[in-house]
$ cat model-v6.pdb   # PDB, C-alpha atoms and all ligand atoms
MODEL        1
ATOM      1  CA  MET K  37      26.536 -35.870   7.409
ATOM      2  CA  THR K  38      24.166 -32.941   7.038
ATOM      3  CA  SER K  39      21.774 -32.927   4.142
ATOM      4  CA  VAL K  40      20.658 -29.733   2.488
ATOM      5  CA  SER K  41      17.043 -29.631   1.399
ATOM      6  CA  THR K  42      16.579 -28.021  -1.998
ATOM      7  CA  GLY K  43      12.814 -28.294  -2.278
ATOM      8  CA  ALA K  44       9.637 -27.997  -0.239
ATOM      9  CA  SER K  45       9.591 -30.311   2.733
ATOM     10  CA  PRO K  46       6.673 -32.778   2.829
ATOM     11  CA  SER K  47       5.596 -31.266   6.155
ATOM     12  CA  ALA K  48       5.705 -27.634   4.947
ATOM     13  CA  THR K  49       2.659 -25.568   5.811
ATOM     14  CA  THR K  50       1.082 -23.589   3.030
ATOM     15  CA  PRO K  51      -0.269 -20.209   4.099
ATOM     16  CA  ALA K  52      -0.986 -17.732   1.318
ATOM     17  CA  VAL K  53       2.235 -15.907   0.447
ATOM     18  CA  VAL K  54       2.284 -12.156  -0.239
ATOM     19  CA  LEU K  55       5.008  -9.656  -1.103
ATOM     20  CA  THR K  56       5.227  -5.955  -0.353
ATOM     21  CA  ILE K  57       7.597  -3.867  -2.443
ATOM     22  CA  ALA K  58       7.894  -0.830  -0.216
ATOM     23  CA  GLY K  59      10.043   1.522   1.796
ATOM     24  CA  SER K  60      11.129   1.160   5.395
ATOM     25  CA  GLU K  61       9.786   3.867   7.699
ATOM     26  CA  ALA K  62      12.160   3.791  10.640
ATOM     27  CA  THR K  63       9.643   4.376  13.439
ATOM     28  CA  GLY K  64       7.562   1.383  12.372
ATOM     29  CA  GLY K  65       4.308   3.250  11.805
ATOM     30  CA  ALA K  66       4.169   3.141   8.012
ATOM     31  CA  GLY K  67       5.829   1.410   5.072
ATOM     32  CA  ALA K  68       7.070  -2.165   4.951
ATOM     33  CA  GLN K  69       6.874  -2.565   8.737
ATOM     34  CA  ALA K  70       3.157  -1.732   8.724
ATOM     35  CA  ASP K  71       2.648  -4.100   5.800
ATOM     36  CA  LEU K  72       4.412  -7.039   7.481
ATOM     37  CA  LYS K  73       2.514  -6.545  10.744
ATOM     38  CA  THR K  74      -0.759  -6.444   8.815
ATOM     39  CA  PHE K  75       0.122  -9.591   6.880
ATOM     40  CA  GLN K  76       1.006 -11.478  10.052
ATOM     41  CA  GLU K  77      -2.162 -10.318  11.785
ATOM     42  CA  LEU K  78      -4.318 -11.499   8.876
ATOM     43  CA  GLY K  79      -2.683 -14.914   8.622
ATOM     44  CA  VAL K  80      -0.593 -14.694   5.465
ATOM     45  CA  PHE K  81       3.143 -15.253   5.014
ATOM     46  CA  GLY K  82       4.607 -11.789   4.351
ATOM     47  CA  ILE K  83       7.734 -10.902   2.425
ATOM     48  CA  ALA K  84       9.166  -7.363   2.147
ATOM     49  CA  ASN K  85      11.495  -6.196  -0.612
ATOM     50  CA  LEU K  86      12.786  -2.730   0.325
ATOM     51  CA  THR K  87      12.945   0.192  -2.117
ATOM     52  CA  CYS K  88      14.108   2.972   0.212
ATOM     53  CA  ILE K  89      14.659   3.928   3.834
ATOM     54  CA  VAL K  90      12.733   6.867   5.286
ATOM     55  CA  SER K  91      13.845   8.314   8.637
ATOM     56  CA  PHE K  92      11.846  11.276   9.950
ATOM     57  CA  ASP K  93      14.047  14.121  11.153
ATOM     58  CA  PRO K  94      13.006  15.267  14.627
ATOM     59  CA  LYS K  95      15.449  18.192  14.301
ATOM     60  CA  ASP K  96      13.670  19.412  11.156
ATOM     61  CA  ASN K  97       9.961  19.341  11.920
ATOM     62  CA  TRP K  98       9.816  15.539  11.382
ATOM     63  CA  ASN K  99      10.379  15.928   7.639
ATOM     64  CA  HIS K 100      11.338  12.830   5.675
ATOM     65  CA  ARG K 101      14.949  11.880   5.142
ATOM     66  CA  PHE K 102      14.800   9.619   2.098
ATOM     67  CA  VAL K 103      17.552   7.218   1.012
ATOM     68  CA  PRO K 104      16.907   4.994  -2.024
ATOM     69  CA  VAL K 105      18.109   1.405  -2.045
ATOM     70  CA  ASP K 106      20.577   0.723  -4.860
ATOM     71  CA  GLN K 107      18.805  -0.472  -8.034
ATOM     72  CA  GLN K 108      20.833  -3.683  -8.200
ATOM     73  CA  VAL K 109      19.913  -4.469  -4.596
ATOM     74  CA  ILE K 110      16.215  -3.946  -5.374
ATOM     75  CA  ALA K 111      16.530  -6.229  -8.412
ATOM     76  CA  ASP K 112      18.395  -8.828  -6.303
ATOM     77  CA  GLN K 113      15.619  -8.891  -3.688
ATOM     78  CA  LEU K 114      12.959  -9.310  -6.385
ATOM     79  CA  GLU K 115      14.977 -12.075  -8.058
ATOM     80  CA  ALA K 116      15.419 -13.995  -4.797
ATOM     81  CA  THR K 117      11.725 -13.673  -3.915
ATOM     82  CA  ALA K 118      10.520 -14.771  -7.357
ATOM     83  CA  ALA K 119      12.864 -17.766  -7.392
ATOM     84  CA  ALA K 120      11.686 -18.874  -3.937
ATOM     85  CA  TYR K 121       7.926 -18.309  -4.295
ATOM     86  CA  GLY K 122       7.088 -16.822  -7.724
ATOM     87  CA  PRO K 123       4.774 -18.404 -10.313
ATOM     88  CA  ALA K 124       7.689 -20.314 -11.856
ATOM     89  CA  SER K 125       9.236 -21.437  -8.512
ATOM     90  CA  GLY K 126       7.337 -24.701  -8.088
ATOM     91  CA  ALA K 127       6.623 -23.730  -4.457
ATOM     92  CA  PRO K 128       3.333 -25.134  -3.091
ATOM     93  CA  SER K 129       2.190 -21.682  -1.932
ATOM     94  CA  VAL K 130       2.749 -19.624  -5.029
ATOM     95  CA  LEU K 131       3.250 -15.898  -4.606
ATOM     96  CA  ASP K 132       0.465 -14.424  -6.742
ATOM     97  CA  THR K 133      -0.427 -11.282  -4.759
ATOM     98  CA  VAL K 134       1.852  -8.297  -4.463
ATOM     99  CA  LYS K 135       1.504  -4.910  -2.807
ATOM    100  CA  ILE K 136       3.348  -1.857  -4.079
ATOM    101  CA  GLY K 137       4.063   0.899  -1.569
ATOM    102  CA  MET K 138       6.583   3.750  -1.738
ATOM    103  CA  LEU K 139       8.890   3.429  -4.727
ATOM    104  CA  GLY K 140      10.299   6.935  -4.527
ATOM    105  CA  SER K 141      12.176   7.397  -7.825
ATOM    106  CA  PRO K 142      11.686   6.837 -11.565
ATOM    107  CA  ALA K 143      14.607   4.366 -11.571
ATOM    108  CA  THR K 144      12.969   2.210  -8.887
ATOM    109  CA  ILE K 145       9.659   2.396 -10.736
ATOM    110  CA  SER K 146      11.306   0.964 -13.866
ATOM    111  CA  THR K 147      13.027  -1.812 -11.913
ATOM    112  CA  VAL K 148       9.779  -2.799 -10.198
ATOM    113  CA  ALA K 149       7.701  -2.544 -13.397
ATOM    114  CA  GLY K 150      10.143  -4.926 -15.087
ATOM    115  CA  SER K 151       9.759  -7.475 -12.312
ATOM    116  CA  LEU K 152       5.950  -7.195 -12.289
ATOM    117  CA  LYS K 153       5.822  -7.808 -16.046
ATOM    118  CA  ALA K 154       8.240 -10.740 -15.866
ATOM    119  CA  ASN K 155       6.302 -12.499 -13.097
ATOM    120  CA  GLY K 156       2.690 -11.912 -14.186
ATOM    121  CA  PHE K 157       1.265 -11.798 -10.638
ATOM    122  CA  GLY K 158      -2.528 -12.243 -10.421
ATOM    123  CA  ASN K 159      -3.152  -9.430  -7.916
ATOM    124  CA  VAL K 160      -1.115  -6.222  -7.915
ATOM    125  CA  VAL K 161      -2.344  -3.865  -5.185
ATOM    126  CA  LEU K 162      -0.985  -0.359  -5.691
ATOM    127  CA  ASP K 163      -0.882   2.167  -2.860
ATOM    128  CA  PRO K 164       0.080   5.097  -5.096
ATOM    129  CA  VAL K 165       2.374   6.943  -2.661
ATOM    130  CA  LEU K 166       2.951  10.027  -4.808
ATOM    131  CA  ILE K 167       4.920  12.601  -2.913
ATOM    132  CA  CYS K 168       7.285  12.177  -0.060
ATOM    133  CA  LYS K 169       8.066  15.219   2.060
ATOM    134  CA  GLY K 170      11.788  15.869   1.908
ATOM    135  CA  GLN K 171      12.092  15.103  -1.820
ATOM    136  CA  GLU K 172      12.786  17.828  -4.374
ATOM    137  CA  PRO K 173       9.518  18.896  -6.064
ATOM    138  CA  GLY K 174      10.947  18.225  -9.548
ATOM    139  CA  HIS K 175      12.073  14.781  -8.456
ATOM    140  CA  ALA K 176       8.641  14.034  -7.053
ATOM    141  CA  LEU K 177       6.951  15.177 -10.267
ATOM    142  CA  ASP K 178       9.064  12.746 -12.307
ATOM    143  CA  THR K 179       8.137  10.034  -9.838
ATOM    144  CA  ASP K 180       4.417  10.851 -10.110
ATOM    145  CA  GLN K 181       4.535  10.665 -13.880
ATOM    146  CA  ALA K 182       6.536   7.438 -13.954
ATOM    147  CA  LEU K 183       4.169   5.812 -11.454
ATOM    148  CA  LYS K 184       1.154   6.733 -13.584
ATOM    149  CA  ALA K 185       2.804   5.610 -16.825
ATOM    150  CA  GLU K 186       4.571   2.414 -15.724
ATOM    151  CA  ILE K 187       2.924   0.998 -12.575
ATOM    152  CA  LEU K 188      -0.730   2.095 -12.689
ATOM    153  CA  PRO K 189      -1.441   0.074 -15.889
ATOM    154  CA  LEU K 190      -0.108  -3.073 -14.149
ATOM    155  CA  ALA K 191      -2.249  -2.619 -11.021
ATOM    156  CA  THR K 192      -5.373  -4.717 -10.432
ATOM    157  CA  PHE K 193      -6.370  -2.805  -7.278
ATOM    158  CA  VAL K 194      -5.468   0.773  -6.373
ATOM    159  CA  THR K 195      -5.949   2.610  -3.057
ATOM    160  CA  PRO K 196      -5.449   6.380  -3.560
ATOM    161  CA  ASN K 197      -5.920   8.807  -0.672
ATOM    162  CA  HIS K 198      -7.624  12.175  -1.191
ATOM    163  CA  PHE K 199      -4.546  13.882  -2.653
ATOM    164  CA  GLU K 200      -3.593  10.904  -4.827
ATOM    165  CA  ALA K 201      -7.166  10.477  -6.084
ATOM    166  CA  GLU K 202      -7.218  14.130  -7.184
ATOM    167  CA  SER K 203      -3.849  13.726  -8.880
ATOM    168  CA  LEU K 204      -4.727  10.454 -10.660
ATOM    169  CA  SER K 205      -8.233  11.522 -11.734
ATOM    170  CA  GLY K 206      -7.557  15.198 -12.451
ATOM    171  CA  LEU K 207     -10.746  16.003 -10.491
ATOM    172  CA  GLU K 208     -11.211  18.168  -7.439
ATOM    173  CA  ILE K 209     -12.624  16.141  -4.524
ATOM    174  CA  THR K 210     -14.718  18.066  -2.002
ATOM    175  CA  ASP K 211     -17.432  15.590  -1.000
ATOM    176  CA  VAL K 212     -18.624  11.997  -1.404
ATOM    177  CA  GLU K 213     -20.068  12.664  -4.878
ATOM    178  CA  SER K 214     -16.757  13.961  -6.214
ATOM    179  CA  LEU K 215     -14.916  11.079  -4.491
ATOM    180  CA  LYS K 216     -17.231   8.689  -6.398
ATOM    181  CA  ALA K 217     -16.516  10.492  -9.683
ATOM    182  CA  ALA K 218     -12.774  10.231  -9.028
ATOM    183  CA  ALA K 219     -13.020   6.502  -8.264
ATOM    184  CA  VAL K 220     -14.900   5.917 -11.528
ATOM    185  CA  ARG K 221     -12.358   7.965 -13.488
ATOM    186  CA  ILE K 222      -9.365   6.130 -11.950
ATOM    187  CA  HIS K 223     -11.009   2.798 -12.807
ATOM    188  CA  GLU K 224     -11.469   3.966 -16.404
ATOM    189  CA  LEU K 225      -7.810   4.991 -16.590
ATOM    190  CA  SER K 226      -6.351   1.868 -14.984
ATOM    191  CA  GLY K 227      -8.875  -0.956 -15.353
ATOM    192  CA  ALA K 228      -8.194  -1.680 -11.658
ATOM    193  CA  ALA K 229     -10.596  -1.987  -8.756
ATOM    194  CA  VAL K 230     -10.396   1.325  -6.881
ATOM    195  CA  LEU K 231     -10.738   2.083  -3.185
ATOM    196  CA  ALA K 232     -10.551   5.899  -3.010
ATOM    197  CA  LYS K 233     -10.112   7.172   0.538
ATOM    198  CA  GLY K 234     -11.734  10.329   1.836
ATOM    199  CA  GLY K 235     -10.435   9.634   5.340
ATOM    200  CA  VAL K 236     -10.389  12.693   7.594
ATOM    201  CA  ARG K 237     -10.068  15.021   4.584
ATOM    202  CA  LEU K 238     -13.797  15.204   3.833
ATOM    203  CA  ASP K 239     -16.107  17.054   6.218
ATOM    204  CA  GLY K 240     -18.631  15.143   8.294
ATOM    205  CA  PRO K 241     -18.739  12.691  11.168
ATOM    206  CA  ASP K 242     -17.718   9.640   9.098
ATOM    207  CA  ALA K 243     -14.495   8.520   7.387
ATOM    208  CA  VAL K 244     -15.818   7.693   3.931
ATOM    209  CA  ASP K 245     -14.117   5.629   1.236
ATOM    210  CA  VAL K 246     -15.499   4.721  -2.193
ATOM    211  CA  PHE K 247     -15.053   1.329  -3.875
ATOM    212  CA  PHE K 248     -15.566   0.927  -7.628
ATOM    213  CA  ASP K 249     -14.565  -2.032  -9.808
ATOM    214  CA  GLY K 250     -16.419  -1.216 -13.022
ATOM    215  CA  GLU K 251     -19.651  -2.833 -11.777
ATOM    216  CA  THR K 252     -20.181  -2.175  -8.086
ATOM    217  CA  LEU K 253     -19.973   1.305  -6.587
ATOM    218  CA  GLU K 254     -20.059   1.108  -2.799
ATOM    219  CA  VAL K 255     -19.548   3.782  -0.156
ATOM    220  CA  LEU K 256     -17.707   2.371   2.872
ATOM    221  CA  SER K 257     -18.225   4.456   5.935
ATOM    222  CA  ALA K 258     -17.134   4.322   9.585
ATOM    223  CA  PRO K 259     -17.355   6.964  12.326
ATOM    224  CA  LYS K 260     -14.208   9.119  12.351
ATOM    225  CA  VAL K 261     -11.815   8.476  15.219
ATOM    226  CA  GLY K 262     -10.521  12.020  15.778
ATOM    227  CA  GLU K 263      -9.772  14.492  12.992
ATOM    228  CA  VAL K 264      -6.042  13.847  12.641
ATOM    229  CA  ALA K 265      -4.623  11.290  10.205
ATOM    230  CA  VAL K 266      -2.781   8.377  11.793
ATOM    231  CA  SER K 267       0.532   7.077  10.485
ATOM    232  CA  GLY K 268       0.280   3.755   8.694
ATOM    233  CA  ALA K 269      -3.436   3.884   7.908
ATOM    234  CA  GLY K 270      -2.957   3.943   4.134
ATOM    235  CA  CYS K 271      -0.219   1.310   4.158
ATOM    236  CA  SER K 272      -2.187  -0.996   6.458
ATOM    237  CA  LEU K 273      -5.388  -0.600   4.409
ATOM    238  CA  ALA K 274      -3.665  -1.633   1.183
ATOM    239  CA  ALA K 275      -1.782  -4.413   2.994
ATOM    240  CA  ALA K 276      -5.047  -5.738   4.421
ATOM    241  CA  VAL K 277      -6.616  -5.693   0.935
ATOM    242  CA  THR K 278      -3.562  -7.634  -0.261
ATOM    243  CA  ALA K 279      -3.852 -10.255   2.490
ATOM    244  CA  GLU K 280      -7.585 -10.736   1.919
ATOM    245  CA  LEU K 281      -7.188 -11.084  -1.858
ATOM    246  CA  ALA K 282      -4.424 -13.656  -1.305
ATOM    247  CA  LYS K 283      -6.784 -15.665   0.911
ATOM    248  CA  GLY K 284      -9.375 -15.679  -1.900
ATOM    249  CA  ALA K 285     -11.650 -12.738  -1.108
ATOM    250  CA  SER K 286     -13.280 -10.784  -3.929
ATOM    251  CA  PRO K 287     -12.071  -7.181  -4.348
ATOM    252  CA  LEU K 288     -15.239  -5.837  -2.654
ATOM    253  CA  GLN K 289     -14.955  -8.300   0.258
ATOM    254  CA  ALA K 290     -11.275  -7.388   0.618
ATOM    255  CA  ALA K 291     -12.116  -3.666   0.685
ATOM    256  CA  ARG K 292     -14.778  -4.136   3.380
ATOM    257  CA  ALA K 293     -12.520  -6.304   5.565
ATOM    258  CA  ALA K 294      -9.596  -3.899   5.160
ATOM    259  CA  LYS K 295     -11.726  -0.911   6.171
ATOM    260  CA  GLU K 296     -12.803  -2.724   9.364
ATOM    261  CA  PHE K 297      -9.203  -3.744  10.128
ATOM    262  CA  VAL K 298      -7.954  -0.167   9.752
ATOM    263  CA  THR K 299     -10.822   1.339  11.764
ATOM    264  CA  GLU K 300      -9.973  -0.938  14.716
ATOM    265  CA  GLY K 301      -6.270  -0.196  14.290
ATOM    266  CA  ILE K 302      -6.946   3.553  14.441
ATOM    267  CA  ARG K 303      -9.261   3.156  17.425
ATOM    268  CA  ASN K 304      -6.464   1.351  19.290
ATOM    269  CA  ARG K 305      -3.607   3.498  17.999
ATOM    270  CA  VAL K 306      -0.169   3.794  19.571
ATOM    271  CA  ALA K 307       0.873   7.235  20.835
ATOM    272  CA  SER K 308       4.415   8.320  20.025
ATOM    273  CA  GLY K 309       6.750  11.258  20.607
ATOM    274  CA  ALA K 310       6.303  12.178  16.920
ATOM    275  CA  PRO K 311       3.439  14.556  16.023
ATOM    276  CA  PHE K 312       1.361  11.639  14.717
ATOM    277  CA  ASP K 313       0.101   8.479  16.381
ATOM    278  CA  ALA K 314       0.614   5.080  14.730
ATOM    279  CA  LEU K 315      -2.061   2.578  13.765
ATOM    280  CA  TRP K 316      -1.937  -0.619  15.846
ATOM    281  CA  GLN K 317      -2.387  -3.689  13.653
ATOM    282  CA  GLY K 318      -3.320  -5.717  16.737
ATOM    283  CA  GLY K 319      -6.302  -3.434  17.345
ATOM    284  CA  ALA K 320      -8.819  -5.836  15.819
ATOM    285  CA  ARG K 321      -7.854  -8.772  18.111
TER     286      ARG K 321
HETATM  287  O1  LIG J 401       2.304   6.499   4.416
HETATM  288  C1  LIG J 401       3.058   6.588   3.276
HETATM  289  C2  LIG J 401       4.434   6.029   3.444
HETATM  290  C3  LIG J 401       4.751   4.867   2.793
HETATM  291  N1  LIG J 401       5.965   4.301   2.867
HETATM  292  C4  LIG J 401       6.949   4.876   3.612
HETATM  293  C5  LIG J 401       6.698   6.053   4.307
HETATM  294  C6  LIG J 401       5.415   6.648   4.231
HETATM  295  C7  LIG J 401       5.127   7.856   4.992
HETATM  296  O2  LIG J 401       5.880   8.293   5.800
HETATM  297  O3  LIG J 401       7.686   6.604   5.029
HETATM  298  C8  LIG J 401       8.282   4.231   3.649
ENDMDL
END

$ encode --input "model-v6.pdb" --output "structure tokens" --more "lines below"
Ligand code: PXL
Amino acid sequence: MTSVSTGASPSATTPAVVLTIAGSEATGGAGAQADLKTFQELGVFGIANLTCIVSFDPKDNWNHRFVPVDQQVIADQLEATAAAYGPASGAPSVLDTVKIGMLGSPATISTVAGSLKANGFGNVVLDPVLICKGQEPGHALDTDQALKAEILPLATFVTPNHFEAESLSGLEITDVESLKAAAVRIHELSGAAVLAKGGVRLDGPDAVDVFFDGETLEVLSAPKVGEVAVSGAGCSLAAAVTAELAKGASPLQAARAAKEFVTEGIRNRVASGAPFDALWQGGAR
């Protein structure tokens, strides 16, 4: 007779458990694939609940083809994950740290916001992916506004890039001083720890990011590796922050470790037939 186990086995291992709520990017550079590879590399048990599928179109200048996952299917994934590992699951490794990547539509934002509120996760790391090439501008504007109204207030850590930091703060960012001002403003608006990324968008020899959590303002800097952005850098940075927080790091420690992880991943990037290289999560090994 076979017996079916309904609970945790006495020999179960207990790595920190993390969830990414994100889109699939078919070529594996960005999105949920980048998140899962980052989680594995940093020693946490990763779960991905998919919100959409993005396939670049090589016949159309590599623009995004965007297909949302059905709302009920998103809700089903979140329900299954919460029941298996959520705060009320009774699992020994409780899922308390969640990363939010591309949501892509106001409907998905509402579904995800509902789940975040119901579960009360301790760490909600938001990579505020605002526009997706290939979406209608009006559609993207709705999505921007819904993300700011419904998800940003639930975030405990937010990782905007240059464009997103300008959009969230309402400030123009031209140098490190204005990046600092934007980070402070986004903290005031959200209450979250902020890691605002200058990346290759700001002039100078270094890729500069600014961390601000209401107390500590720190400029994180590493020599630029080329002048062209690499696919998966933003996703992997936020995923690395997520993994480090889940293992018990402070927000500042998580930001520093994530910056190092991404710098090594860019240094050891993977060339592809697409116009952009992909970050290699194994680069720090
Ligand atoms: O890098 C932002 C991003 C996030 N998530 C998905 C993506 C992209 C960019 O292509 O496709 C699914």

$ closest_residue --input "model-v6.pdb" --among "K:Asp163, K:Glu224, K:Asp132, K:Asp112" --to "ligand LIG 401 (chain J)" --atoms "all atoms listed in the file"
K:Asp163

$ atom_distance --input "model-v6.pdb" --atom1 "CA of Ala58 in chain K" --atom2 "CA of Ala310 in chain K"
21.6 Å

$ axis_aligned_box --input "model-v6.pdb" --around "ligand LIG 401 (chain J)" --padding-each-side "6 Å" --output "lines of an AutoDock Vina configuration file"
center_x = 5.3
center_y = 6.3
center_z = 4.3
size_x = 18.0
size_y = 16.1
size_z = 15.0

$ closest_residue --input "model-v6.pdb" --among "K:Ala285, K:Val148, K:Val90, K:Val236" --to "ligand LIG 401 (chain J)" --atoms "only C-alpha atoms and all ligand atoms"
K:Val90

$ residues_near_ligand --input "model-v6.pdb" --ligand "ligand LIG 401 (chain J)" --cutoff "10 Å" --atoms "all atoms listed in the file" --output "PyMOL selection string"
chain K and resi 57-71+86-92+98-102+136-140+163-169+197+266-272

$ write_last_selection --input "model-v6.pdb" --atoms "C-alpha atoms" --output "compact mmCIF listing (two decimals), keeping the file's coordinate frame"
# COMPACT_ATOMS: atom_id res chain seq x y z
CA ILE K 57 7.60 -3.87 -2.44
CA ALA K 58 7.89 -0.83 -0.22
CA GLY K 59 10.04 1.52 1.80
CA SER K 60 11.13 1.16 5.40
CA GLU K 61 9.79 3.87 7.70
CA ALA K 62 12.16 3.79 10.64
CA THR K 63 9.64 4.38 13.44
CA GLY K 64 7.56 1.38 12.37
CA GLY K 65 4.31 3.25 11.80
CA ALA K 66 4.17 3.14 8.01
CA GLY K 67 5.83 1.41 5.07
CA ALA K 68 7.07 -2.16 4.95
CA GLN K 69 6.87 -2.56 8.74
CA ALA K 70 3.16 -1.73 8.72
CA ASP K 71 2.65 -4.10 5.80
CA LEU K 86 12.79 -2.73 0.32
CA THR K 87 12.94 0.19 -2.12
CA CYS K 88 14.11 2.97 0.21
CA ILE K 89 14.66 3.93 3.83
CA VAL K 90 12.73 6.87 5.29
CA SER K 91 13.84 8.31 8.64
CA PHE K 92 11.85 11.28 9.95
CA TRP K 98 9.82 15.54 11.38
CA ASN K 99 10.38 15.93 7.64
CA HIS K 100 11.34 12.83 5.68
CA ARG K 101 14.95 11.88 5.14
CA PHE K 102 14.80 9.62 2.10
CA ILE K 136 3.35 -1.86 -4.08
CA GLY K 137 4.06 0.90 -1.57
CA MET K 138 6.58 3.75 -1.74
CA LEU K 139 8.89 3.43 -4.73
CA GLY K 140 10.30 6.94 -4.53
CA ASP K 163 -0.88 2.17 -2.86
CA PRO K 164 0.08 5.10 -5.10
CA VAL K 165 2.37 6.94 -2.66
CA LEU K 166 2.95 10.03 -4.81
CA ILE K 167 4.92 12.60 -2.91
CA CYS K 168 7.28 12.18 -0.06
CA LYS K 169 8.07 15.22 2.06
CA ASN K 197 -5.92 8.81 -0.67
CA VAL K 266 -2.78 8.38 11.79
CA SER K 267 0.53 7.08 10.48
CA GLY K 268 0.28 3.76 8.69
CA ALA K 269 -3.44 3.88 7.91
CA GLY K 270 -2.96 3.94 4.13
CA CYS K 271 -0.22 1.31 4.16
CA SER K 272 -2.19 -1.00 6.46

$ resolve_selection --input "model-v6.pdb" --expression "the PyMOL selection byres (((chain K and resi 229-234) around 6) and not hetatm)" --output "PyMOL selection string"
chain K and resi 193-198+219+228+235+237-238+244-249

$ closest_atom_pairs --input "model-v6.pdb" --of "range 185-280 of chain K" --to "range 176-180 of chain K" --cutoff "12 Å" --atoms "all atoms listed in the file" --output "CSV"
residue,atom,partner,partner_atom,distance
K:Ala185,CA,K:Asp180,CA,8.7
K:Glu186,CA,K:Asp180,CA,10.1
K:Ile187,CA,K:Asp180,CA,10.3
K:Leu188,CA,K:Asp180,CA,10.5
K:Glu200,CA,K:Asp180,CA,9.6
K:Ser203,CA,K:Asp180,CA,8.8
K:Leu204,CA,K:Asp180,CA,9.2

$ resolve_selection --input "model-v6.pdb" --expression "the PyMOL selection byres (((chain K and resi 144) around 10) and not hetatm)" --output "count of residues only"
24

$ residues_around --input "model-v6.pdb" --residues "range 288-301 of chain K" --least-positions-apart "2" --cutoff "6 Å" --atoms "only C-alpha atoms" --output "PyMOL selection string"
chain K and resi 273+276-277+280+285-286+303-305+315-317+319-320

$ atom_distance --input "model-v6.pdb" --atom1 "CA of Glu202 in chain K" --atom2 "CA of Lys260 in chain K"
21.3 Å

$ atom_distance --input "model-v6.pdb" --atom1 "CA of Pro128 in chain K" --atom2 "CA of Leu162 in chain K"
25.3 Å

$ residues_around --input "model-v6.pdb" --residues "Ala275 in chain K" --least-positions-apart "6" --cutoff "7 Å" --atoms "all atoms listed in the file" --output "count of residues only"
4

$ residues_around --input "model-v6.pdb" --residues "Ala282 in chain K" --least-positions-apart "6" --cutoff "7 Å" --atoms "all atoms listed in the file" --output "MDAnalysis selection string"
chainID K and resid 52 54 133

$ write_last_selection --input "model-v6.pdb" --atoms "C-alpha atoms" --output "short mmCIF file (atom, residue, chain, number, x, y, z; two decimals), in the coordinates of the input"
data_model
loop_
_atom_site.label_atom_id
_atom_site.label_comp_id
_atom_site.auth_asym_id
_atom_site.auth_seq_id
_atom_site.Cartn_x
_atom_site.Cartn_y
_atom_site.Cartn_z
CA ALA K 52 -0.99 -17.73 1.32
CA VAL K 54 2.28 -12.16 -0.24
CA THR K 133 -0.43 -11.28 -4.76
#

$ decode --input "model-v6.pdb" --residues "range 124-133 of chain K" --atoms "N, CA, C and O atoms" --output "short mmCIF file (atom, residue, chain, number, x, y, z; two decimals), in the first residue's frame"
data_model
loop_
_atom_site.label_atom_id
_atom_site.label_comp_id
_atom_site.auth_asym_id
_atom_site.auth_seq_id
_atom_site.Cartn_x
_atom_site.Cartn_y
_atom_site.Cartn_z
N ALA K 124 0.21 31.06 6.66
CA ALA K 124 -0.78 30.23 7.36
C ALA K 124 -0.65 28.74 7.00
O ALA K 124 -1.47 27.92 7.39
N SER K 125 0.42 28.35 6.26
CA SER K 125 0.52 26.98 5.75
C SER K 125 0.99 25.97 6.79
O SER K 125 0.77 24.78 6.64
N GLY K 126 1.68 26.44 7.83
CA GLY K 126 2.28 25.52 8.79
C GLY K 126 3.58 24.91 8.29
O GLY K 126 4.18 24.06 8.96
N ALA K 127 4.04 25.30 7.11
CA ALA K 127 5.31 24.76 6.58
C ALA K 127 6.48 25.26 7.44
O ALA K 127 6.44 26.38 7.95
N PRO K 128 7.52 24.41 7.62
CA PRO K 128 8.65 24.85 8.45
C PRO K 128 9.42 26.03 7.86
O PRO K 128 9.90 26.88 8.60
N SER K 129 9.55 26.08 6.54
CA SER K 129 10.16 27.26 5.91
C SER K 129 9.03 28.11 5.36
O SER K 129 8.49 27.83 4.31
N VAL K 130 8.66 29.12 6.14
CA VAL K 130 7.51 29.92 5.73
C VAL K 130 7.94 30.94 4.68
O VAL K 130 8.96 31.60 4.80
N LEU K 131 7.11 31.03 3.63
CA LEU K 131 7.33 32.02 2.58
C LEU K 131 6.96 33.39 3.13
O LEU K 131 5.79 33.67 3.39
N ASP K 132 7.99 34.23 3.34
CA ASP K 132 7.74 35.56 3.90
C ASP K 132 8.31 36.66 3.00
O ASP K 132 8.18 37.83 3.30
N THR K 133 8.97 36.25 1.90
CA THR K 133 9.67 37.22 1.05
C THR K 133 9.28 36.99 -0.40
O THR K 133 9.47 35.90 -0.94
#
